[in-house]
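Undergrad: To be precise about what I am sending: the file is called input.cif and holds mmCIF, C-alpha atoms (C1' of nucleotides).
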data_coords
loop_
_atom_site.label_atom_id
_atom_site.label_comp_id
_atom_site.auth_asym_id
_atom_site.auth_seq_id
_atom_site.Cartn_x
_atom_site.Cartn_y
_atom_site.Cartn_z
CA MET A 1 -13.62 34.42 -15.06
CA SER A 2 -16.57 33.23 -17.09
CA PRO A 3 -18.04 29.90 -16.01
CA ARG A 4 -17.88 28.51 -19.55
CA ARG A 5 -14.33 27.95 -20.72
CA SER A 6 -12.94 26.91 -24.04
CA ALA A 7 -11.95 23.33 -24.82
CA THR A 8 -8.30 24.38 -24.48
CA ASP A 9 -8.92 25.75 -21.00
CA ALA A 10 -10.77 22.58 -20.07
CA ARG A 11 -7.85 20.44 -21.26
CA HIS A 12 -5.46 22.55 -19.24
CA THR A 13 -7.60 22.30 -16.12
CA ARG A 14 -7.81 18.56 -16.60
CA SER A 15 -4.05 18.21 -16.76
CA VAL A 16 -3.60 20.38 -13.65
CA ILE A 17 -6.06 18.12 -11.81
CA LEU A 18 -4.21 14.99 -12.93
CA ASP A 19 -0.76 16.31 -12.03
CA ARG A 20 -1.94 17.13 -8.53
CA GLY A 21 -3.86 13.84 -8.38
CA VAL A 22 -0.75 11.81 -9.06
CA GLU A 23 1.12 13.63 -6.29
CA VAL A 24 -1.65 13.09 -3.76
CA ALA A 25 -2.21 9.45 -4.75
CA SER A 26 1.50 8.61 -4.45
CA VAL A 27 1.27 9.57 -0.76
CA GLU A 28 -2.34 8.83 0.22
CA GLY A 29 -3.18 6.09 -2.26
CA LEU A 30 -5.87 6.03 -4.94
CA GLU A 31 -8.65 5.68 -2.35
CA GLY A 32 -7.17 8.42 -0.18
CA LEU A 33 -7.32 10.64 -3.25
CA THR A 34 -10.72 12.16 -2.51
CA ILE A 35 -12.57 14.47 -4.82
CA GLY A 36 -13.26 17.01 -2.08
CA ARG A 37 -9.66 17.20 -0.99
CA LEU A 38 -8.36 17.51 -4.53
CA ALA A 39 -10.93 20.22 -5.30
CA THR A 40 -9.94 22.20 -2.20
CA ASP A 41 -6.23 21.88 -3.07
CA LEU A 42 -6.92 23.35 -6.48
CA GLY A 43 -9.41 26.00 -5.36
CA MET A 44 -12.31 24.59 -7.32
CA SER A 45 -15.62 22.96 -6.49
CA LYS A 46 -16.10 19.21 -6.20
CA SER A 47 -18.66 19.13 -8.97
CA GLY A 48 -16.48 21.25 -11.21
CA LEU A 49 -13.67 18.78 -10.77
CA LEU A 50 -15.86 15.72 -11.12
CA GLY A 51 -17.30 17.11 -14.33
CA HIS A 52 -13.98 16.34 -16.03
CA PHE A 53 -14.22 12.65 -15.24
CA GLY A 54 -17.74 11.64 -14.26
CA SER A 55 -16.80 9.33 -11.41
CA LYS A 56 -14.00 8.69 -8.96
CA GLU A 57 -13.06 5.47 -10.75
CA VAL A 58 -12.55 7.28 -14.06
CA LEU A 59 -10.43 9.84 -12.20
CA GLN A 60 -8.34 7.03 -10.68
CA LEU A 61 -7.79 5.48 -14.11
CA ALA A 62 -6.77 8.86 -15.55
CA VAL A 63 -4.35 9.39 -12.64
CA ILE A 64 -2.80 5.96 -13.29
CA ASP A 65 -2.39 6.88 -16.93
CA THR A 66 -0.73 10.14 -16.03
CA ALA A 67 1.67 8.41 -13.66
CA ALA A 68 2.51 5.88 -16.38
CA GLY A 69 3.43 8.79 -18.63
CA VAL A 70 5.75 10.22 -16.00
CA PHE A 71 7.39 6.82 -15.47
CA ALA A 72 7.84 6.39 -19.23
CA HIS A 73 9.49 9.81 -19.41
CA GLU A 74 11.75 9.10 -16.44
CA VAL A 75 12.87 5.57 -17.21
CA PRO A 76 12.38 3.98 -20.66
CA ASP A 77 12.70 7.28 -22.53
CA ARG A 78 16.04 7.98 -20.86
CA ALA A 79 17.37 4.63 -22.03
CA ALA A 80 15.96 4.92 -25.53
CA GLY A 81 19.24 6.12 -27.01
CA THR A 82 21.25 3.06 -25.99
CA GLU A 83 21.87 -0.14 -27.97
CA PRO A 84 19.23 -2.84 -27.50
CA GLY A 85 20.31 -5.78 -25.35
CA LEU A 86 22.64 -5.46 -22.38
CA PRO A 87 23.46 -1.73 -22.81
CA ARG A 88 19.74 -0.91 -22.94
CA LEU A 89 19.06 -3.16 -19.94
CA ARG A 90 21.80 -1.49 -17.92
CA ALA A 91 20.51 1.95 -18.89
CA LEU A 92 16.94 0.99 -17.95
CA CYS A 93 18.03 -0.23 -14.53
CA ALA A 94 20.20 2.83 -13.92
CA ALA A 95 17.31 5.14 -14.82
CA TRP A 96 14.96 3.06 -12.65
CA VAL A 97 17.24 3.40 -9.61
CA SER A 98 17.63 7.10 -10.32
CA TYR A 99 13.85 7.52 -10.53
CA MET A 100 13.55 5.89 -7.10
CA GLU A 101 16.43 7.88 -5.64
CA ARG A 102 15.23 11.27 -6.86
CA GLY A 103 11.74 10.78 -5.45
CA VAL A 104 10.00 11.79 -8.67
CA PHE A 105 6.64 11.47 -6.88
CA PRO A 106 6.35 12.94 -3.38
CA GLY A 107 5.27 9.55 -1.98
CA GLY A 108 8.00 7.53 -3.64
CA CYS A 109 7.26 5.18 -6.50
CA PHE A 110 3.63 5.67 -7.50
CA PHE A 111 3.28 2.11 -8.75
CA THR A 112 4.74 0.43 -5.69
CA ALA A 113 2.16 2.27 -3.60
CA VAL A 114 -0.89 1.51 -5.74
CA VAL A 115 0.08 -2.10 -6.40
CA ALA A 116 0.09 -2.76 -2.66
CA GLU A 117 -3.25 -0.96 -2.36
CA PHE A 118 -5.08 -2.75 -5.17
CA ASP A 119 -3.44 -6.15 -5.55
CA ASP A 120 -6.20 -7.88 -3.57
CA ARG A 121 -9.16 -6.15 -5.26
CA GLU A 122 -11.06 -6.70 -8.46
CA GLY A 123 -12.05 -4.26 -11.16
CA PRO A 124 -10.78 -1.87 -13.79
CA VAL A 125 -8.34 -0.04 -11.49
CA ARG A 126 -6.59 -3.24 -10.48
CA ASP A 127 -6.58 -4.39 -14.10
CA ALA A 128 -4.99 -1.14 -15.29
CA ILE A 129 -2.22 -1.37 -12.69
CA ALA A 130 -1.56 -5.05 -13.40
CA GLY A 131 -1.53 -4.36 -17.15
CA LEU A 132 1.06 -1.60 -16.86
CA THR A 133 3.40 -3.64 -14.69
CA ALA A 134 3.00 -6.59 -17.08
CA VAL A 135 4.00 -4.42 -20.04
CA TRP A 136 7.01 -3.12 -18.15
CA LYS A 137 8.11 -6.63 -17.19
CA ARG A 138 7.71 -7.71 -20.82
CA ASP A 139 9.94 -4.83 -21.96
CA LEU A 140 12.63 -5.93 -19.53
CA THR A 141 12.28 -9.57 -20.56
CA LEU A 142 12.73 -8.62 -24.21
CA GLN A 143 15.97 -6.75 -23.53
CA ILE A 144 17.27 -9.70 -21.52
CA ARG A 145 16.49 -12.08 -24.38
CA LEU A 146 18.24 -9.76 -26.83
CA ALA A 147 21.27 -9.64 -24.54
CA VAL A 148 21.35 -13.44 -24.36
CA SER A 149 21.07 -13.73 -28.16
CA ALA A 150 23.93 -11.30 -28.57
CA GLY A 151 26.07 -13.31 -26.17
CA GLU A 152 26.10 -10.44 -23.64
CA LEU A 153 24.51 -12.59 -20.95
CA PRO A 154 25.04 -16.32 -20.30
CA GLU A 155 23.11 -18.61 -22.60
CA ASP A 156 21.32 -20.35 -19.71
CA THR A 157 19.91 -17.03 -18.36
CA ASP A 158 16.29 -17.39 -17.25
CA ALA A 159 14.83 -14.06 -18.38
CA GLU A 160 11.76 -14.17 -16.16
CA GLN A 161 13.87 -15.17 -13.18
CA LEU A 162 16.13 -12.19 -13.79
CA VAL A 163 13.15 -9.83 -14.05
CA PHE A 164 11.86 -11.25 -10.75
CA GLU A 165 15.20 -10.44 -9.14
CA LEU A 166 15.53 -6.96 -10.65
CA TYR A 167 12.01 -6.12 -9.52
CA GLY A 168 12.90 -7.26 -6.00
CA VAL A 169 15.88 -4.90 -5.96
CA MET A 170 13.63 -1.95 -6.83
CA LEU A 171 10.98 -2.87 -4.27
CA SER A 172 13.61 -3.27 -1.56
CA LEU A 173 15.13 0.05 -2.63
CA ASN A 174 11.79 1.84 -2.39
CA GLN A 175 11.12 0.43 1.07
CA ALA A 176 14.64 1.25 2.32
CA LEU A 177 14.32 4.82 1.04
CA ARG A 178 10.79 5.53 2.28
CA LEU A 179 10.47 3.52 5.48
CA ASP A 180 14.06 3.32 6.71
CA ARG A 181 15.21 6.60 5.14
CA ASP A 182 18.37 4.73 4.24
CA ARG A 183 20.47 6.94 1.97
CA ALA A 184 22.89 4.10 1.30
CA ALA A 185 20.15 2.06 -0.37
CA PRO A 186 20.65 3.30 -3.97
CA GLU A 187 24.30 2.20 -3.81
CA ARG A 188 23.18 -1.21 -2.51
CA ALA A 189 20.74 -1.49 -5.39
CA ARG A 190 23.43 -0.62 -7.94
CA ARG A 191 25.73 -3.23 -6.46
CA VAL A 192 23.16 -6.01 -6.91
CA ILE A 193 22.34 -4.89 -10.44
CA ASP A 194 26.01 -4.82 -11.41
CA ARG A 195 26.38 -8.37 -10.14
CA LEU A 196 23.20 -9.59 -11.87
CA LEU A 197 24.10 -7.96 -15.18
CA GLY A 198 27.82 -8.73 -14.98
CA SER A 199 29.11 -5.33 -13.78
CA MET B 1 -26.59 -12.00 27.17
CA SER B 2 -26.06 -9.47 29.93
CA PRO B 3 -24.51 -6.18 28.85
CA ARG B 4 -21.81 -6.36 31.56
CA ARG B 5 -19.34 -9.17 30.92
CA SER B 6 -16.49 -10.50 32.97
CA ALA B 7 -12.90 -9.49 32.36
CA THR B 8 -12.32 -12.88 30.72
CA ASP B 9 -15.17 -12.29 28.31
CA ALA B 10 -13.82 -8.83 27.53
CA ARG B 11 -10.38 -10.25 26.80
CA HIS B 12 -11.92 -12.83 24.51
CA THR B 13 -13.98 -10.22 22.66
CA ARG B 14 -10.89 -8.10 22.27
CA SER B 15 -8.94 -10.94 20.70
CA VAL B 16 -11.83 -11.74 18.33
CA ILE B 17 -11.86 -8.09 17.25
CA LEU B 18 -8.12 -8.09 16.67
CA ASP B 19 -8.09 -11.36 14.71
CA ARG B 20 -10.74 -10.00 12.38
CA GLY B 21 -9.02 -6.62 12.30
CA VAL B 22 -5.78 -8.14 11.05
CA GLU B 23 -7.64 -9.96 8.27
CA VAL B 24 -9.48 -6.83 7.15
CA ALA B 25 -6.38 -4.62 7.37
CA SER B 26 -4.28 -7.03 5.29
CA VAL B 27 -6.74 -6.48 2.43
CA GLU B 28 -8.11 -2.96 2.97
CA GLY B 29 -5.19 -1.38 4.81
CA LEU B 30 -5.12 0.15 8.28
CA GLU B 31 -7.15 3.18 7.16
CA GLY B 32 -9.65 1.01 5.30
CA LEU B 33 -10.14 -0.83 8.56
CA THR B 34 -13.12 1.20 9.76
CA ILE B 35 -14.75 0.83 13.14
CA GLY B 36 -18.26 0.61 11.66
CA ARG B 37 -17.33 -2.09 9.18
CA LEU B 38 -15.49 -4.15 11.79
CA ALA B 39 -18.40 -3.82 14.22
CA THR B 40 -20.91 -4.94 11.57
CA ASP B 41 -18.69 -7.92 10.65
CA LEU B 42 -18.68 -9.03 14.27
CA GLY B 43 -22.33 -8.24 15.01
CA MET B 44 -21.60 -5.62 17.62
CA SER B 45 -22.06 -1.87 17.94
CA LYS B 46 -19.41 0.65 17.01
CA SER B 47 -19.23 2.07 20.51
CA GLY B 48 -19.02 -1.40 22.02
CA LEU B 49 -16.04 -2.15 19.82
CA LEU B 50 -14.40 1.22 20.32
CA GLY B 51 -14.72 0.80 24.08
CA HIS B 52 -11.96 -1.82 23.93
CA PHE B 53 -9.47 0.61 22.44
CA GLY B 54 -10.58 4.21 22.88
CA SER B 55 -9.58 5.43 19.43
CA LYS B 56 -8.94 4.16 15.94
CA GLU B 57 -5.22 4.77 16.30
CA VAL B 58 -5.02 2.57 19.40
CA LEU B 59 -6.96 -0.10 17.49
CA GLN B 60 -4.49 0.17 14.59
CA LEU B 61 -1.54 -0.24 16.95
CA ALA B 62 -3.17 -3.28 18.57
CA VAL B 63 -3.83 -4.80 15.13
CA ILE B 64 -0.17 -4.29 14.20
CA ASP B 65 0.87 -6.00 17.43
CA THR B 66 -1.44 -8.92 16.69
CA ALA B 67 -0.06 -9.29 13.17
CA ALA B 68 3.49 -9.21 14.56
CA GLY B 69 2.53 -12.11 16.83
CA VAL B 70 1.23 -14.10 13.88
CA PHE B 71 4.41 -13.40 11.89
CA ALA B 72 6.57 -14.44 14.85
CA HIS B 73 4.63 -17.68 15.13
CA GLU B 74 4.84 -18.37 11.40
CA VAL B 75 8.47 -17.48 10.73
CA PRO B 76 11.01 -17.06 13.55
CA ASP B 77 9.33 -19.60 15.83
CA ARG B 78 9.46 -22.24 13.11
CA ALA B 79 13.19 -21.73 12.72
CA ALA B 80 13.89 -21.63 16.46
CA GLY B 81 14.95 -25.27 16.62
CA THR B 82 17.79 -24.92 14.11
CA GLU B 83 21.44 -24.14 14.79
CA PRO B 84 22.30 -20.41 14.87
CA GLY B 85 24.16 -19.13 11.83
CA LEU B 86 23.61 -20.43 8.33
CA PRO B 87 21.18 -23.26 9.23
CA ARG B 88 19.00 -20.78 11.14
CA LEU B 89 19.21 -18.27 8.32
CA ARG B 90 18.15 -20.88 5.78
CA ALA B 91 15.28 -21.99 8.00
CA LEU B 92 14.16 -18.39 8.49
CA CYS B 93 14.10 -17.74 4.75
CA ALA B 94 12.31 -21.02 4.02
CA ALA B 95 9.65 -20.21 6.61
CA TRP B 96 9.38 -16.67 5.24
CA VAL B 97 8.75 -17.93 1.70
CA SER B 98 6.26 -20.47 3.05
CA TYR B 99 4.43 -17.74 4.97
CA MET B 100 4.12 -15.77 1.73
CA GLU B 101 3.12 -18.81 -0.30
CA ARG B 102 0.44 -20.04 2.10
CA GLY B 103 -1.24 -16.63 2.28
CA VAL B 104 -1.39 -16.57 6.07
CA PHE B 105 -3.33 -13.30 5.88
CA PRO B 106 -6.13 -13.03 3.32
CA GLY B 107 -4.51 -9.95 1.75
CA GLY B 108 -1.02 -11.43 1.51
CA CYS B 109 1.78 -10.22 3.74
CA PHE B 110 0.28 -7.84 6.31
CA PHE B 111 3.49 -5.89 6.68
CA THR B 112 4.14 -5.39 2.98
CA ALA B 113 0.68 -3.83 2.75
CA VAL B 114 0.92 -1.50 5.74
CA VAL B 115 4.50 -0.43 5.01
CA ALA B 116 3.40 0.84 1.60
CA GLU B 117 0.43 2.58 3.22
CA PHE B 118 2.29 4.34 6.03
CA ASP B 119 5.86 4.82 4.82
CA ASP B 120 5.21 8.46 3.89
CA ARG B 121 3.31 9.44 7.04
CA GLU B 122 4.35 10.49 10.51
CA GLY B 123 3.15 9.28 13.87
CA PRO B 124 2.91 6.29 16.19
CA VAL B 125 1.49 3.90 13.59
CA ARG B 126 4.35 4.50 11.17
CA ASP B 127 6.83 4.26 14.04
CA ALA B 128 5.42 0.91 15.17
CA ILE B 129 5.66 -0.53 11.65
CA ALA B 130 9.18 0.80 11.10
CA GLY B 131 10.26 -0.51 14.50
CA LEU B 132 9.02 -4.03 13.80
CA THR B 133 10.71 -4.23 10.41
CA ALA B 134 13.92 -2.86 11.94
CA VAL B 135 13.89 -5.58 14.62
CA TRP B 136 13.31 -8.24 11.99
CA LYS B 137 16.17 -6.93 9.83
CA ARG B 138 18.42 -6.89 12.88
CA ASP B 139 17.57 -10.54 13.61
CA LEU B 140 18.51 -11.49 10.06
CA THR B 141 21.71 -9.45 10.22
CA LEU B 142 22.71 -11.22 13.42
CA GLN B 143 22.32 -14.67 11.89
CA ILE B 144 24.34 -13.60 8.86
CA ARG B 145 27.14 -12.36 11.11
CA LEU B 146 27.10 -15.62 13.04
CA ALA B 147 27.28 -17.54 9.76
CA VAL B 148 30.27 -15.47 8.66
CA SER B 149 32.02 -16.00 12.01
CA ALA B 150 31.46 -19.74 11.71
CA GLY B 151 32.94 -19.75 8.21
CA GLU B 152 29.58 -20.75 6.70
CA LEU B 153 29.45 -17.64 4.54
CA PRO B 154 32.37 -15.82 2.84
CA GLU B 155 34.37 -13.58 5.13
CA ASP B 156 33.74 -10.50 2.98
CA THR B 157 29.94 -10.87 3.21
CA ASP B 158 28.20 -7.51 3.71
CA ALA B 159 25.43 -8.48 6.15
CA GLU B 160 23.25 -5.42 5.51
CA GLN B 161 23.64 -5.83 1.77
CA LEU B 162 22.48 -9.43 2.04
CA VAL B 163 19.47 -8.42 4.14
CA PHE B 164 18.63 -5.81 1.48
CA GLU B 165 18.68 -8.53 -1.17
CA LEU B 166 16.71 -11.09 0.83
CA TYR B 167 14.06 -8.47 1.58
CA GLY B 168 13.84 -7.71 -2.13
CA VAL B 169 13.19 -11.36 -2.89
CA MET B 170 10.27 -11.42 -0.44
CA LEU B 171 8.77 -8.17 -1.74
CA SER B 172 9.04 -9.39 -5.33
CA LEU B 173 7.49 -12.70 -4.26
CA ASN B 174 4.56 -10.97 -2.58
CA GLN B 175 3.91 -8.82 -5.65
CA ALA B 176 4.18 -11.78 -8.05
CA LEU B 177 1.75 -13.80 -5.93
CA ARG B 178 -0.83 -11.08 -5.30
CA LEU B 179 -0.74 -8.94 -8.43
CA ASP B 180 0.40 -11.39 -11.11
CA ARG B 181 -1.04 -14.52 -9.44
CA ASP B 182 2.17 -16.22 -10.50
CA ARG B 183 2.26 -19.66 -8.89
CA ALA B 184 5.84 -20.18 -10.04
CA ALA B 185 7.04 -17.27 -7.90
CA PRO B 186 7.83 -19.22 -4.69
CA GLU B 187 10.15 -21.49 -6.67
CA ARG B 188 11.84 -18.40 -8.15
CA ALA B 189 12.28 -16.98 -4.65
CA ARG B 190 13.83 -20.23 -3.39
CA ARG B 191 16.23 -20.26 -6.31
CA VAL B 192 17.57 -16.78 -5.47
CA ILE B 193 17.85 -17.60 -1.79
CA ASP B 194 19.76 -20.80 -2.52
CA ARG B 195 22.18 -18.82 -4.63
CA LEU B 196 22.58 -16.03 -2.06
CA LEU B 197 23.11 -18.45 0.81
CA GLY B 198 25.17 -20.95 -1.15
CA SER B 199 22.51 -23.58 -1.91
"C1'" DC C 1 -17.40 25.88 -14.25
"C1'" DC C 2 -20.79 27.11 -9.95
"C1'" DT C 3 -24.28 26.51 -5.63
"C1'" DA C 4 -27.03 23.62 -3.23
"C1'" DC C 5 -28.19 19.51 -2.06
"C1'" DC C 6 -28.68 13.99 -1.40
"C1'" DG C 7 -27.99 9.57 1.50
"C1'" DA C 8 -24.25 7.05 3.47
"C1'" DT C 9 -20.48 6.61 6.32
"C1'" DC C 10 -16.61 8.32 8.98
"C1'" DG C 11 -14.46 8.62 14.08
"C1'" DG C 12 -16.04 9.61 18.30
"C1'" DT C 13 -19.12 10.94 22.62
"C1'" DA C 14 -23.01 11.01 26.16
"C1'" DG C 15 -25.38 8.45 29.05
"C1'" DG C 16 -26.85 4.32 30.72
"C1'" DC D 1 -21.81 -3.96 26.16
"C1'" DC D 2 -26.06 -0.91 24.19
"C1'" DT D 3 -28.95 3.26 21.81
"C1'" DA D 4 -28.84 7.65 20.23
"C1'" DC D 5 -26.56 11.15 18.72
"C1'" DC D 6 -22.65 14.73 17.02
"C1'" DG D 7 -20.11 17.34 13.14
"C1'" DA D 8 -17.37 16.23 9.19
"C1'" DT D 9 -16.66 14.17 4.97
"C1'" DC D 10 -17.54 10.78 1.41
"C1'" DG D 11 -19.08 10.12 -3.90
"C1'" DG D 12 -22.37 11.84 -6.60
"C1'" DT D 13 -26.60 14.61 -8.69
"C1'" DA D 14 -29.85 18.52 -10.07
"C1'" DG D 15 -30.06 22.55 -12.16
"C1'" DG D 16 -28.11 26.39 -13.99
#
Write out the structure in this file as structure tokens.

TA:
Amino acid sequence: MSPRRSATDARHTRSVILDRGVEVASVEGLEGLTIGRLATDLGMSKSGLLGHFGSKEVLQLAVIDTAAGVFAHEVPDRAAGTEPGLPRLRALCAAWVSYMERGVFPGGCFFTAVVAEFDDREGPVRDAIAGLTAVWKRDLTLQIRLAVSAGELPEDTDAEQLVFELYGVMLSLNQALRLDRDRAAPERARRVIDRLLGS
Amino acid sequence: MSPRRSATDARHTRSVILDRGVEVASVEGLEGLTIGRLATDLGMSKSGLLGHFGSKEVLQLAVIDTAAGVFAHEVPDRAAGTEPGLPRLRALCAAWVSYMERGVFPGGCFFTAVVAEFDDREGPVRDAIAGLTAVWKRDLTLQIRLAVSAGELPEDTDAEQLVFELYGVMLSLNQALRLDRDRAAPERARRVIDRLLGS
DNA sequence: CCTACCGATCGGTAGG
DNA sequence: CCTACCGATCGGTAGG
């Protein structure tokens, strides 16, 4: 084990740090994700770990990016094969419920946790989180508008209103799963979605 | 200013600590609520503050209790004068939206924040939070059942399903207000509630 | 990537 | 209610 590694090794180490960082942050939050704890988990020194990022804030931003990649892989990518409009929207919601139900992150939905943690703060971390949720809401809005244009949803559908309601279903689902340990919650979520999107 | 105060003074100090503690915790969370920071805010020593509680966990539990009292005053108490059943349920939801909209706590809904923080942990703090939300859900379920019995809601209404949906509306509202700073969100929430409860 | 270290802050205690 | 202190941990740096 030489102290100097190749760029490939460094990239690998970085991705190991980020994968573990996402897991820890989903449970303990992005502040609870401490450099010392993460270093101990991975059997490396604090300064060795910090060398990959430079500061805790840069680490937090990289963790958010990594989690966004996981979400993209688990939800939008799984719906990518379906027709735009209502079929795509239904597939997105089904994958979203499944992502919640399967507990992809050990602390439940990563974004639900960090939104609650950072929604009252200022700075780049808050901005990154808000930006990602805004993009996701815009994707959903687009599919709703396509569905309306295609006559798959009523012409008077308020796309932003529907996104507001779908988001509420997912937040309620996450809380029911994590806090109440309610195994019936995914079925409840699917029932609302079927009603909102016309079964 | 003698160092020994009367029991009345001590009670007053305790309530000042808790009022400030609820404010801080709604923004920073119950872990971010540190004894040193709270003591500095109030111009007292850490040990003087801690003497009222004995440990941080006891302080956290007392803060949760205080927040529950504020919520009770802001929501169920405001609906207490209405007829049980659908009128009560509508009044409860209206007060709940208003509580979100007015930003009663500086960090938005206290419970939304601490649920996200503690839903993956174990221990008395988690249990206290889960217990309070369970009681609140039971209150809502009861009013729904009364409304169904009185013929004010359809006979096939699934009370727990409706609570799941109403909770989702409030969680989506809190996120829209805090993260997206969307001032149109309360109106969106009212629109869903009117539809769910038959305008 | 490491050791060794910095000042600041954490929850909590001793003793008054 | 205070001062004075404890060991542990925080984010981060120096130097290699």

Undergrad: So what does the PyMOL selection byres ((chain A) within 10 of (chain D)) actually pick up in this one, as a short mmCIF file (atom, residue, chain, number, x, y, z; two decimals) with C-alpha atoms, in the coordinates of the input?

TA:
data_model
loop_
_atom_site.label_atom_id
_atom_site.label_comp_id
_atom_site.auth_asym_id
_atom_site.auth_seq_id
_atom_site.Cartn_x
_atom_site.Cartn_y
_atom_site.Cartn_z
CA THR A 34 -10.72 12.16 -2.51
CA ILE A 35 -12.57 14.47 -4.82
CA GLY A 36 -13.26 17.01 -2.08
CA ARG A 37 -9.66 17.20 -0.99
CA LYS A 46 -16.10 19.21 -6.20
CA SER A 47 -18.66 19.13 -8.97
CA LEU A 50 -15.86 15.72 -11.12
CA GLY A 54 -17.74 11.64 -14.26
CA SER A 55 -16.80 9.33 -11.41
CA LYS A 56 -14.00 8.69 -8.96
#

Undergrad: Exactly which residues make up the result of the PyMOL selection byres ((chain A and resi 109) around 10) on this file, given as a PDB file with C-alpha atoms, in the frame of the given file?

TA:
ATOM      1  CA  SER A  26       1.500   8.610  -4.450  1.00  0.00           C
ATOM      2  CA  VAL A  27       1.270   9.570  -0.760  1.00  0.00           C
ATOM      3  CA  ALA A  67       1.670   8.410 -13.660  1.00  0.00           C
ATOM      4  CA  PHE A  71       7.390   6.820 -15.470  1.00  0.00           C
ATOM      5  CA  TYR A  99      13.850   7.520 -10.530  1.00  0.00           C
ATOM      6  CA  MET A 100      13.550   5.890  -7.100  1.00  0.00           C
ATOM      7  CA  GLU A 101      16.430   7.880  -5.640  1.00  0.00           C
ATOM      8  CA  GLY A 103      11.740  10.780  -5.450  1.00  0.00           C
ATOM      9  CA  VAL A 104      10.000  11.790  -8.670  1.00  0.00           C
ATOM     10  CA  PHE A 105       6.640  11.470  -6.880  1.00  0.00           C
ATOM     11  CA  PRO A 106       6.350  12.940  -3.380  1.00  0.00           C
ATOM     12  CA  GLY A 107       5.270   9.550  -1.980  1.00  0.00           C
ATOM     13  CA  GLY A 108       8.000   7.530  -3.640  1.00  0.00           C
ATOM     14  CA  PHE A 110       3.630   5.670  -7.500  1.00  0.00           C
ATOM     15  CA  PHE A 111       3.280   2.110  -8.750  1.00  0.00           C
ATOM     16  CA  THR A 112       4.740   0.430  -5.690  1.00  0.00           C
ATOM     17  CA  ALA A 113       2.160   2.270  -3.600  1.00  0.00           C
ATOM     18  CA  VAL A 114      -0.890   1.510  -5.740  1.00  0.00           C
ATOM     19  CA  MET A 170      13.630  -1.950  -6.830  1.00  0.00           C
ATOM     20  CA  LEU A 171      10.980  -2.870  -4.270  1.00  0.00           C
ATOM     21  CA  ASN A 174      11.790   1.840  -2.390  1.00  0.00           C
ATOM     22  CA  GLN A 175      11.120   0.430   1.070  1.00  0.00           C
ATOM     23  CA  ARG A 178      10.790   5.530   2.280  1.00  0.00           C
TER      24      ARG A 178
ATOM     25  CA  ALA B 116       3.400   0.840   1.600  1.00  0.00           C
TER      26      ALA B 116
END

Undergrad: One decimal, in Å: what's the spacing between atom CA of B:Phe118 and atom CA of B:Val97?

TA: 23.6 Å

Undergrad: Identify which of the residues B:Ile64, B:Val125, B:Val115, B:Ile144 lies closest to chain A, counting all atoms listed in the file when measuring atom-to-atom distances.

TA: B:Val115

Undergrad: B:Ala68: which residues within 10 Å, counting only C-alpha atoms (C1' of nucleotides), same-chain residues fewer than 3 positions away excluded, as an NGL selection string?

TA: :B and (22 or 62-65 or 71-74 or 110-111 or 129 or 132-133)

Undergrad: Suppose we keep C-alpha atoms; can you now write the selection as a JSON list (two decimals), keeping the file's coordinate frame?

TA:
[["chain", "number", "residue", "atom", "x", "y", "z"],
["B", 22, "VAL", "CA", -5.78, -8.14, 11.05],
["B", 62, "ALA", "CA", -3.17, -3.28, 18.57],
["B", 63, "VAL", "CA", -3.83, -4.80, 15.13],
["B", 64, "ILE", "CA", -0.17, -4.29, 14.20],
["B", 65, "ASP", "CA", 0.87, -6.00, 17.43],
["B", 71, "PHE", "CA", 4.41, -13.40, 11.89],
["B", 72, "ALA", "CA", 6.57, -14.44, 14.85],
["B", 73, "HIS", "CA", 4.63, -17.68, 15.13],
["B", 74, "GLU", "CA", 4.84, -18.37, 11.40],
["B", 110, "PHE", "CA", 0.28, -7.84, 6.31],
["B", 111, "PHE", "CA", 3.49, -5.89, 6.68],
["B", 129, "ILE", "CA", 5.66, -0.53, 11.65],
["B", 132, "LEU", "CA", 9.02, -4.03, 13.80],
["B", 133, "THR", "CA", 10.71, -4.23, 10.41]]

Undergrad: Any idea what the distance is between atom CA of B:Ala10 and atom CA of B:Phe53?

TA: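 Interatomic distance, atom CA of B:Ala10 to atom CA of B:Phe53: 11.6 Å.
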
Undergrad: In Å to one decimal, how far is atom CA of A:Pro186 from atom CA of B:Gly29?

TA: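 Here the two named atoms are 27.7 Å from each other.
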
Undergrad: If you count all atoms listed in the file, which residues fall within 9 Å of A:Leu42, apart from same-chain ones fewer than 4 positions away, as a PyMOL selection string?

TA: chain A and resi 16-17+20+37-38

Undergrad: Quick check on the file I pasted: which residues fall under the PyMOL selection byres ((chain A and resi 153) around 8)? Write them as a PyMOL selection string.

TA: chain A and resi 86+144+147-148+150-152+154-155+157+197-198

Undergrad: So which residues touch A:Arg126 within 10 Å, counting all atoms listed in the file, skipping near sequence neighbours fewer than 4 positions away, as a PyMOL selection string?

TA: (chain A and resi 61+114-115+117-122+130-131) or (chain B and resi 179)

Undergrad: Can you write just those residues out, C-alpha atoms, as an mmCIF file, keeping the file's coordinate frame?

TA:
data_model
loop_
_atom_site.group_PDB
_atom_site.id
_atom_site.type_symbol
_atom_site.label_atom_id
_atom_site.label_comp_id
_atom_site.auth_asym_id
_atom_site.auth_seq_id
_atom_site.Cartn_x
_atom_site.Cartn_y
_atom_site.Cartn_z
ATOM 1 C CA LEU A 61 -7.790 5.480 -14.110
ATOM 2 C CA VAL A 114 -0.890 1.510 -5.740
ATOM 3 C CA VAL A 115 0.080 -2.100 -6.400
ATOM 4 C CA GLU A 117 -3.250 -0.960 -2.360
ATOM 5 C CA PHE A 118 -5.080 -2.750 -5.170
ATOM 6 C CA ASP A 119 -3.440 -6.150 -5.550
ATOM 7 C CA ASP A 120 -6.200 -7.880 -3.570
ATOM 8 C CA ARG A 121 -9.160 -6.150 -5.260
ATOM 9 C CA GLU A 122 -11.060 -6.700 -8.460
ATOM 10 C CA ALA A 130 -1.560 -5.050 -13.400
ATOM 11 C CA GLY A 131 -1.530 -4.360 -17.150
ATOM 12 C CA LEU B 179 -0.740 -8.940 -8.430
#
